[in-house]
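To start, the structure itself, in structure tokens.
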Amino acid sequence: MLLRGLRVMALCGALPEERVRAQPFEVDVDLGADLVPAALSDELGDTVDYGAVCAALAAAAEGGQFTLMEAMALRLAEVCLEADPRVQQVTVEVRKLRPPVPQHLSASGVRITRCRR
């Protein structure tokens with residue numbers, strides 16, 4: 001299951017101003033789950049509720065405070081694994097849309113993959 005372009009405002013950064021002013025981030029998520037039961041039944045209850053996952057991701061990003069995007073990505077991956085027991089693996093990509101560098105850079109980001117233990 002793919003979730004693309006979730007926009008959140010979050011406190012994430014090492015600079016003093018990034019620690020007190022929320023900035024825009026974009027999140028992409030790949031959820032590894034067996035989707036065959038949902039494909040066969042065509043029933044919503046047999047698949048991962050991506051609306052609930054998006055709400056949980058937004059709440060975690062907007063309610064947390066992180067120095068590094070790596071820490072934010074790890075927390076968001078944990079949220080995905082906690083959201084539904086059918087999720088066995090998750091890859092989360094976090095992009096800072098206004099990175100504080102003097103060069104013209106549209107985004108900086110990280111990607112992390114976690115598996116259920």
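Within each chain, counting starts at residue 1; across the structure tokens, chains are named A, B, ... in the order shown, with ligands numbered 1 upward in that order.
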
Item to check | Distance query Arg7 of chain A at most 8 Å, only C-alpha atoms, self and fewer than 3 positions along chain excluded, as a ChimeraX atom specification | outcome: /A:24-27

Can you write just those residues out, N, CA and C atoms, as a compact mmCIF listing (two decimals), in the first residue's frame?
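The result, written out as selection-v9.txt:
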# COMPACT_ATOMS: atom_id res chain seq x y z
N PRO A 24 7.22 23.00 6.98
CA PRO A 24 6.51 22.01 6.16
C PRO A 24 7.40 20.80 5.82
N PHE A 25 6.80 19.64 5.96
CA PHE A 25 7.43 18.37 5.57
C PHE A 25 6.45 17.61 4.71
N GLU A 26 7.01 16.75 3.88
CA GLU A 26 6.19 15.85 3.07
C GLU A 26 6.64 14.43 3.38
N VAL A 27 5.65 13.54 3.54
CA VAL A 27 5.92 12.17 3.94
C VAL A 27 5.34 11.22 2.90

Quick one: residues within 12 Å of Gly109 of chain A, only C-alpha atoms counted, chain neighbours fewer than 5 positions away excluded, as a tab-separated table (two decimals) with C-alpha atoms, in the first residue's frame?
chain	number	residue	atom	x	y	z
A	12	CYS	CA	12.28	19.22	13.30
A	13	GLY	CA	15.75	20.64	12.97
A	25	PHE	CA	7.43	18.37	5.57
A	26	GLU	CA	6.19	15.85	3.07
A	27	VAL	CA	5.92	12.17	3.94
A	28	ASP	CA	5.72	9.13	1.66
A	68	LEU	CA	16.93	15.00	13.06
A	69	MET	CA	14.69	13.85	10.24
A	70	GLU	CA	16.06	10.37	10.94
A	71	ALA	CA	14.35	10.44	14.34
A	72	MET	CA	11.09	11.66	12.82
A	73	ALA	CA	11.18	8.95	10.14
A	92	VAL	CA	9.01	6.02	5.39
A	93	GLU	CA	10.49	8.91	3.47
A	94	VAL	CA	10.50	12.35	5.13
A	95	ARG	CA	11.35	15.46	3.13
A	96	LYS	CA	11.97	18.93	4.57
A	97	LEU	CA	10.46	21.27	1.99
A	98	ARG	CA	12.39	24.39	3.04
A	99	PRO	CA	15.85	23.18	4.03

Checklist entry - Between A:Leu105, A:Gln88, A:Ala83, A:Glu18, which has the minimum distance to Gly51 of chain A (counting only C-alpha atoms)? => result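 Nearest to Gly51 of chain A: A:Ala83.
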
Checklist entry - Neighbours of segment 56-64 of chain A within 7 Å (only C-alpha atoms; same-chain residues fewer than 3 positions away dropped), as a VMD selection string? => result chain A and resid 8 to 11 52 to 53 72 76 79

Checklist entry - Do you know which residues are at most 10 Å from Cys115 of chain A counting only C-alpha atoms, after dropping those on the same chain fewer than 4 positions away, and could you put them as a ChimeraX atom specification? => result /A:32,77-78,81,87-91

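Distances to Val110 of chain A were evaluated for A:Val36, A:Val29, A:Glu82, A:Gly45 using only C-alpha atoms, and the minimum falls at A:Val29.
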
Checklist outcome for this item: Taken to one decimal, the atom CA of Val48 of chain A-atom CA of Leu74 of chain A distance is 19.9 Å

Write out as a PDB file with C-alpha atoms, in the first residue's frame the residues lying within 10 Å of Leu35 of chain A, counting only C-alpha atoms and excluding same-chain residues fewer than 4 positions away.
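Now in around34.pdb:
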ATOM      1  CA  MET A   1       0.000   0.000   0.000  1.00  0.00           C
ATOM      2  CA  ALA A  39      -8.506  -8.085  -3.143  1.00  0.00           C
ATOM      3  CA  LEU A  40     -10.477 -11.333  -2.972  1.00  0.00           C
ATOM      4  CA  ASP A  46      -9.895  -6.775   5.076  1.00  0.00           C
ATOM      5  CA  THR A  47      -7.340  -4.088   4.300  1.00  0.00           C
ATOM      6  CA  VAL A  48      -5.275  -1.480   6.110  1.00  0.00           C
ATOM      7  CA  ARG A  86      -1.256  -6.643   9.088  1.00  0.00           C
ATOM      8  CA  VAL A  87       1.568  -4.203   8.359  1.00  0.00           C
TER       9      VAL A  87
END

Write down as a compact mmCIF listing (two decimals) with N, CA and C atoms, in the first residue's frame the residues belonging to segment 6-83 of chain A that are assigned strand (DSSP E) by DSSP computed on the backbone.
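Saved to selection27.txt:
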# COMPACT_ATOMS: atom_id res chain seq x y z
N LEU A 6 1.90 13.17 1.96
CA LEU A 6 1.23 13.66 3.17
C LEU A 6 2.00 14.89 3.66
N ARG A 7 1.34 16.03 3.70
CA ARG A 7 1.97 17.27 4.13
C ARG A 7 1.65 17.52 5.61
N VAL A 8 2.70 17.82 6.37
CA VAL A 8 2.54 18.11 7.80
C VAL A 8 3.42 19.30 8.15
N MET A 9 3.05 19.98 9.22
CA MET A 9 3.88 21.03 9.80
C MET A 9 4.45 20.45 11.09
N ALA A 10 5.79 20.46 11.20
CA ALA A 10 6.42 19.80 12.34
C ALA A 10 7.63 20.57 12.83
N LEU A 11 7.96 20.34 14.09
CA LEU A 11 9.18 20.88 14.68
C LEU A 11 10.27 19.84 14.49
N CYS A 12 11.19 20.16 13.58
CA CYS A 12 12.28 19.22 13.30
C CYS A 12 13.45 20.00 12.74
N GLN A 23 7.77 23.70 10.50
CA GLN A 23 8.10 23.84 9.09
C GLN A 23 7.34 22.79 8.29
N PRO A 24 7.22 23.00 6.98
CA PRO A 24 6.51 22.01 6.16
C PRO A 24 7.40 20.80 5.82
N PHE A 25 6.80 19.64 5.96
CA PHE A 25 7.43 18.37 5.57
C PHE A 25 6.45 17.61 4.71
N GLU A 26 7.01 16.75 3.88
CA GLU A 26 6.19 15.85 3.07
C GLU A 26 6.64 14.43 3.38
N VAL A 27 5.65 13.54 3.54
CA VAL A 27 5.92 12.17 3.94
C VAL A 27 5.34 11.22 2.90
N ASP A 28 6.16 10.24 2.50
CA ASP A 28 5.72 9.13 1.66
C ASP A 28 5.91 7.85 2.45
N VAL A 29 4.96 6.92 2.32
CA VAL A 29 5.01 5.68 3.08
C VAL A 29 4.68 4.51 2.15
N ASP A 30 5.46 3.44 2.26
CA ASP A 30 5.15 2.16 1.63
C ASP A 30 4.85 1.17 2.75
N LEU A 31 3.63 0.66 2.78
CA LEU A 31 3.23 -0.31 3.79
C LEU A 31 3.29 -1.70 3.18
N GLY A 32 4.04 -2.59 3.78
CA GLY A 32 4.12 -3.97 3.32
C GLY A 32 3.11 -4.82 4.08
N GLN A 65 8.66 16.54 18.59
CA GLN A 65 9.74 17.49 18.35
C GLN A 65 10.99 16.67 18.12
N PHE A 66 11.65 16.92 17.00
CA PHE A 66 12.78 16.11 16.58
C PHE A 66 13.93 17.02 16.17

Checklist entry - Would you give me, as a PyMOL selection string, the residues in segment 3-107 of chain A that DSSP reads as alpha helix (DSSP H)? => result chain A and resi 36-41+50-63+69-83

Item to check | Separation of atom CA of Arg116 of chain A from atom CA of Leu44 of chain A, in Å and rounded to one decimal | outcome: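 Distance reported for this atom pair: 22.8 Å.
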
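Note that the spacing between atom CA of Ala55 of chain A and atom CA of Cys80 of chain A amounts to 10.6 Å.
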
Next on the checklist: Here is a test: counting only C-alpha atoms, which residue of A:Arg21, A:Ser41, A:Pro85, A:Leu15 is nearest to Val101 of chain A?
Outcome noted: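 Closest residue, counting only C-alpha atoms: A:Leu15.
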